[in-house]
Amino acid sequence: MRHLRALPNPVESVSYETNNINWQDSISSFLTHLRAGGSPETTIYTRRHHLEHAAKRLPTTPFAVTASELTEYFAAQDWKPETRRGRRATFRKFYTWAIQQGHTHINPAEALPSIKPAQPKPKPAPDSVLAEALLKARPRERLMIRLAGELGLRRAEVAVLHTSDIIKTPHGLSLVVHGKGAKDRTIPLPDGLVAILRAYPPGYIFPGDDNGHLSPRYVGKLITRLMPDGWTMHTLRHRFATRAYALDKDLLTVQALLGHASPTTTRLYVQLPDDSLRSTVQRLAG
């Protein structure tokens with residue numbers, strides 16, 4: 001049996017080279033196919049990262065990979081269930097495309113075991129975690145933290161923020177947020193963030209080498225490194241959802257602010273305070 005290359009997990013990289021030219025060409029063609037179909041750049045970036053990670057570890061060319069080799073590769077990774085589900089989806093799509101293009105007649109990803117969806121619980125970052133991150137942050141990072149914690153933005157939405165996304169509305173300045181699935185939403189901007197954002201010169205707020213801006217992965221790493229162990233940038237989004245819901249108990253408003261397609265998803269972000277649960281039980285008990 002051919003063995004996987006034992007390489008460390010890659011650190012942040014916008015576009016690292018694979019070790020096999022056949023992988024490079026195939027990945028490039030697949031991404032062109034996705035782009036032609038209207039896939040958002042965030043999705044294309046994710047698919048590319050998944051495939052390039054595998055290309056550095058699988059022992060052969062993409063269309064010679066066997067089901068057992070792909071399964072062995074998956075088994076060797078220390079991934080959380082949702083990460084594993086996302087990688088599996090990428091490979092199923094990649095090999096479905098390859099079959100359509102006549103590159104192969106076999107989809108080795110079909111042999112990968114299905115992964116049960118995780119049942120995540122809300123994990124809003126508490127005040128102490130936010131304060132520690134802000135204390136360590138430089139101005140650029142502080143703005144990223146505030147965008148996640150005060151507006152509920154995802155790391156990918158923070159990464160692509162552009163000065164042209166600040167718009168005038170009848171009730172004041174708002175921010176056009178470029179969400180998942182190429183779905184934009186408009187969020188009112190609080191005065192404190194307006195002053196900071198309007199001070200930036202025209203262009204991306206966080207310029208970088210990923211199509212002109214920083215990559216979502218890098219943004220997430222920057223902020224997570226500032227937070228205590230066990231906390232990530234995404235928990236700032238949970239914090240926003242929990243605090244927004246606590247104001248008016250309006251789940252649909254929180255859903256709109258977060259850009260979720262369903263309130264069922266939003267519910268997974270909202271942590272109900274213990275005192276609220278206790279009060280309800282006490283009142284029912286008479």
# chains A, B, ... in the order shown; residues from 1 in each chain; ligands from 1
>>> residues_around(residues="Gly203 of chain A", least_positions_apart="4", cutoff="10 Å", atoms="only C-alpha atoms", output="list in words")
Leu161, His162, Thr163, Ser164, Asp165, Pro207, Gly212 and His213 of chain A
>>> residues_around(residues="Leu258 of chain A", least_positions_apart="4", cutoff="10 Å", atoms="only C-alpha atoms", output="list in words")
Leu151, Gly152, Leu153, Arg154, Val177, Gly179, Arg185, Ile187, Arg237, His238, Phe240, Ala241, Leu252, Thr253, Val254, Thr265, Thr266 and Tyr269 of chain A
>>> write_last_selection(atoms="C-alpha atoms", output="short mmCIF file (atom, residue, chain, number, x, y, z; two decimals), in the first residue's frame")
data_model
loop_
_atom_site.label_atom_id
_atom_site.label_comp_id
_atom_site.auth_asym_id
_atom_site.auth_seq_id
_atom_site.Cartn_x
_atom_site.Cartn_y
_atom_site.Cartn_z
CA LEU A 151 -22.11 43.29 14.39
CA GLY A 152 -21.91 39.49 14.41
CA LEU A 153 -19.78 39.24 11.25
CA ARG A 154 -18.19 35.96 10.20
CA VAL A 177 -22.16 42.50 4.42
CA GLY A 179 -22.41 36.66 3.44
CA ARG A 185 -27.36 41.78 3.96
CA ILE A 187 -26.66 46.06 8.91
CA ARG A 237 -20.57 35.96 16.73
CA HIS A 238 -22.31 33.79 19.33
CA PHE A 240 -23.51 39.07 19.44
CA ALA A 241 -26.44 36.71 18.84
CA LEU A 252 -36.24 36.82 13.58
CA THR A 253 -34.38 40.11 14.03
CA VAL A 254 -31.30 38.25 15.20
CA THR A 265 -29.75 27.93 12.80
CA THR A 266 -29.95 31.20 14.73
CA TYR A 269 -26.17 30.73 18.47
#
>>> closest_residue(among="A:Arg140, A:Arg87, A:Arg155, A:His105", to="Thr66 of chain A", atoms="only C-alpha atoms")
A:His105
>>> closest_residue(among="A:Leu277, A:Gly149, A:Tyr95, A:Glu69", to="Ala131 of chain A", atoms="only C-alpha atoms")
A:Gly149
>>> residues_around(residues="Thr90 of chain A", least_positions_apart="2", cutoff="8 Å", atoms="only C-alpha atoms", output="JSON, numbers by chain")
{"A": [47, 50, 51, 86, 87, 88, 92, 93, 94]}
>>> select_by_dssp(residues="segment 12-209 of chain A", states="strand (DSSP E or B)", output="MDAnalysis selection string")
chainID A and resid 162 166:169 172:178 184:188 204 207:209
>>> select_by_dssp(residues="segment 155-220 of chain A", states="alpha helix (DSSP H)", output="ChimeraX atom specification")
/A:155-159,191-197,216-220
>>> atom_distance(atom1="atom CA of Lys123 of chain A", atom2="atom CA of Pro216 of chain A")
20.5 Å
>>> residues_around(residues="segment 217-222 of chain A", least_positions_apart="4", cutoff="7 Å", atoms="only C-alpha atoms", output="PDB file with C-alpha atoms, in the first residue's frame")
ATOM      1  CA  GLU A  12      -1.981  30.055   7.150  1.00  0.00           C
ATOM      2  CA  ARG A 155     -14.436  35.899   9.606  1.00  0.00           C
ATOM      3  CA  ALA A 159     -11.954  39.705   5.460  1.00  0.00           C
ATOM      4  CA  LEU A 226      -5.576  36.814  20.959  1.00  0.00           C
ATOM      5  CA  MET A 233     -13.342  34.353  16.688  1.00  0.00           C
TER       6      MET A 233
END
>>> closest_residue(among="A:Thr169, A:Thr83, A:Thr104, A:Ser29", to="Arg48 of chain A", atoms="only C-alpha atoms")
A:Ser29
>>> residues_around(residues="Ala75 of chain A", least_positions_apart="3", cutoff="12 Å", atoms="only C-alpha atoms", output="list in words")
Leu4, Ser68, Glu69, Leu70, Thr71, Glu72, Asp78, Trp79, Lys80, Arg84, Arg88, Leu112 and Pro113 of chain A
>>> closest_residue(among="A:Met227, A:Leu272, A:Leu31, A:Leu214", to="Glu132 of chain A", atoms="only C-alpha atoms")
A:Met227
>>> closest_residue(among="A:Pro273, A:Pro188, A:Gly181, A:Pro228", to="His260 of chain A", atoms="only C-alpha atoms")
A:Gly181
>>> residues_around(residues="Tyr45 of chain A", least_positions_apart="3", cutoff="12 Å", atoms="only C-alpha atoms", output="MDAnalysis selection string")
chainID A and resid 13:16 27:28 30:32 34:35 39:42 48:52 90 156 210:211 214:217
>>> write_last_selection(atoms="N, CA and C atoms", output="compact mmCIF listing (two decimals), in the first residue's frame")
# COMPACT_ATOMS: atom_id res chain seq x y z
N SER A 13 -1.85 30.12 4.77
CA SER A 13 -1.25 30.42 3.47
C SER A 13 -2.35 30.69 2.50
N VAL A 14 -2.26 31.76 1.76
CA VAL A 14 -3.32 32.11 0.84
C VAL A 14 -3.33 31.17 -0.34
N SER A 15 -2.18 30.83 -0.87
CA SER A 15 -2.14 29.93 -2.01
C SER A 15 -0.79 29.22 -2.03
N TYR A 16 -0.69 28.10 -1.34
CA TYR A 16 0.57 27.38 -1.32
C TYR A 16 0.64 26.40 -2.48
N ILE A 27 -6.90 21.07 -9.77
CA ILE A 27 -7.54 21.99 -8.82
C ILE A 27 -7.91 23.29 -9.52
N SER A 28 -7.00 23.80 -10.33
CA SER A 28 -7.27 25.05 -11.05
C SER A 28 -8.48 24.92 -11.96
N PHE A 30 -10.96 22.76 -11.69
CA PHE A 30 -12.16 22.58 -10.86
C PHE A 30 -12.64 23.92 -10.31
N LEU A 31 -11.71 24.75 -9.87
CA LEU A 31 -12.10 26.06 -9.33
C LEU A 31 -12.67 26.96 -10.42
N THR A 32 -12.14 26.85 -11.62
CA THR A 32 -12.71 27.59 -12.75
C THR A 32 -14.15 27.15 -13.00
N LEU A 34 -16.21 25.95 -10.73
CA LEU A 34 -17.03 26.50 -9.65
C LEU A 34 -17.32 27.98 -9.89
N ARG A 35 -16.29 28.69 -10.32
CA ARG A 35 -16.46 30.13 -10.56
C ARG A 35 -17.44 30.37 -11.71
N SER A 39 -20.23 30.16 -7.92
CA SER A 39 -19.88 29.94 -6.51
C SER A 39 -19.18 31.16 -5.94
N PRO A 40 -19.52 31.56 -4.72
CA PRO A 40 -18.86 32.72 -4.12
C PRO A 40 -17.38 32.46 -3.87
N GLU A 41 -16.60 33.52 -3.82
CA GLU A 41 -15.16 33.38 -3.64
C GLU A 41 -14.82 32.70 -2.32
N THR A 42 -15.64 32.90 -1.30
CA THR A 42 -15.37 32.23 -0.02
C THR A 42 -15.46 30.72 -0.17
N ARG A 48 -10.44 25.12 -2.51
CA ARG A 48 -9.02 25.10 -2.88
C ARG A 48 -8.17 24.67 -1.70
N HIS A 49 -8.44 25.23 -0.54
CA HIS A 49 -7.66 24.88 0.64
C HIS A 49 -7.79 23.39 0.96
N HIS A 50 -9.00 22.86 0.88
CA HIS A 50 -9.22 21.44 1.16
C HIS A 50 -8.41 20.56 0.21
N LEU A 51 -8.45 20.87 -1.07
CA LEU A 51 -7.79 20.03 -2.07
C LEU A 51 -6.27 20.16 -1.99
N GLU A 52 -5.76 21.36 -1.76
CA GLU A 52 -4.31 21.54 -1.68
C GLU A 52 -3.75 20.85 -0.44
N THR A 90 -16.33 18.48 -0.23
CA THR A 90 -15.42 18.98 -1.27
C THR A 90 -14.98 17.86 -2.19
N ALA A 156 -15.07 35.46 7.28
CA ALA A 156 -15.03 35.70 5.83
C ALA A 156 -15.65 37.04 5.48
N ASP A 210 -5.05 37.83 -0.88
CA ASP A 210 -6.12 36.94 -1.33
C ASP A 210 -7.15 37.77 -2.10
N ASN A 211 -6.89 37.93 -3.40
CA ASN A 211 -7.75 38.77 -4.25
C ASN A 211 -7.86 40.20 -3.71
N LEU A 214 -7.20 40.19 2.99
CA LEU A 214 -6.73 39.06 3.78
C LEU A 214 -7.64 37.86 3.58
N SER A 215 -7.11 36.67 3.77
CA SER A 215 -7.94 35.48 3.65
C SER A 215 -8.78 35.31 4.92
N PRO A 216 -9.97 34.72 4.80
CA PRO A 216 -10.79 34.47 5.99
C PRO A 216 -10.06 33.64 7.03
N ARG A 217 -9.32 32.65 6.56
CA ARG A 217 -8.59 31.77 7.49
C ARG A 217 -7.58 32.57 8.31
>>> atom_distance(atom1="atom CA of Leu251 of chain A", atom2="atom CA of Gln119 of chain A")
19.2 Å
>>> closest_residue(among="A:Leu197, A:Leu257, A:Leu284, A:Ile99", to="Leu143 of chain A", atoms="only C-alpha atoms")
A:Leu197
>>> residues_around(residues="Thr242 of chain A", least_positions_apart="6", cutoff="7 Å", atoms="only C-alpha atoms", output="count of residues only")
4
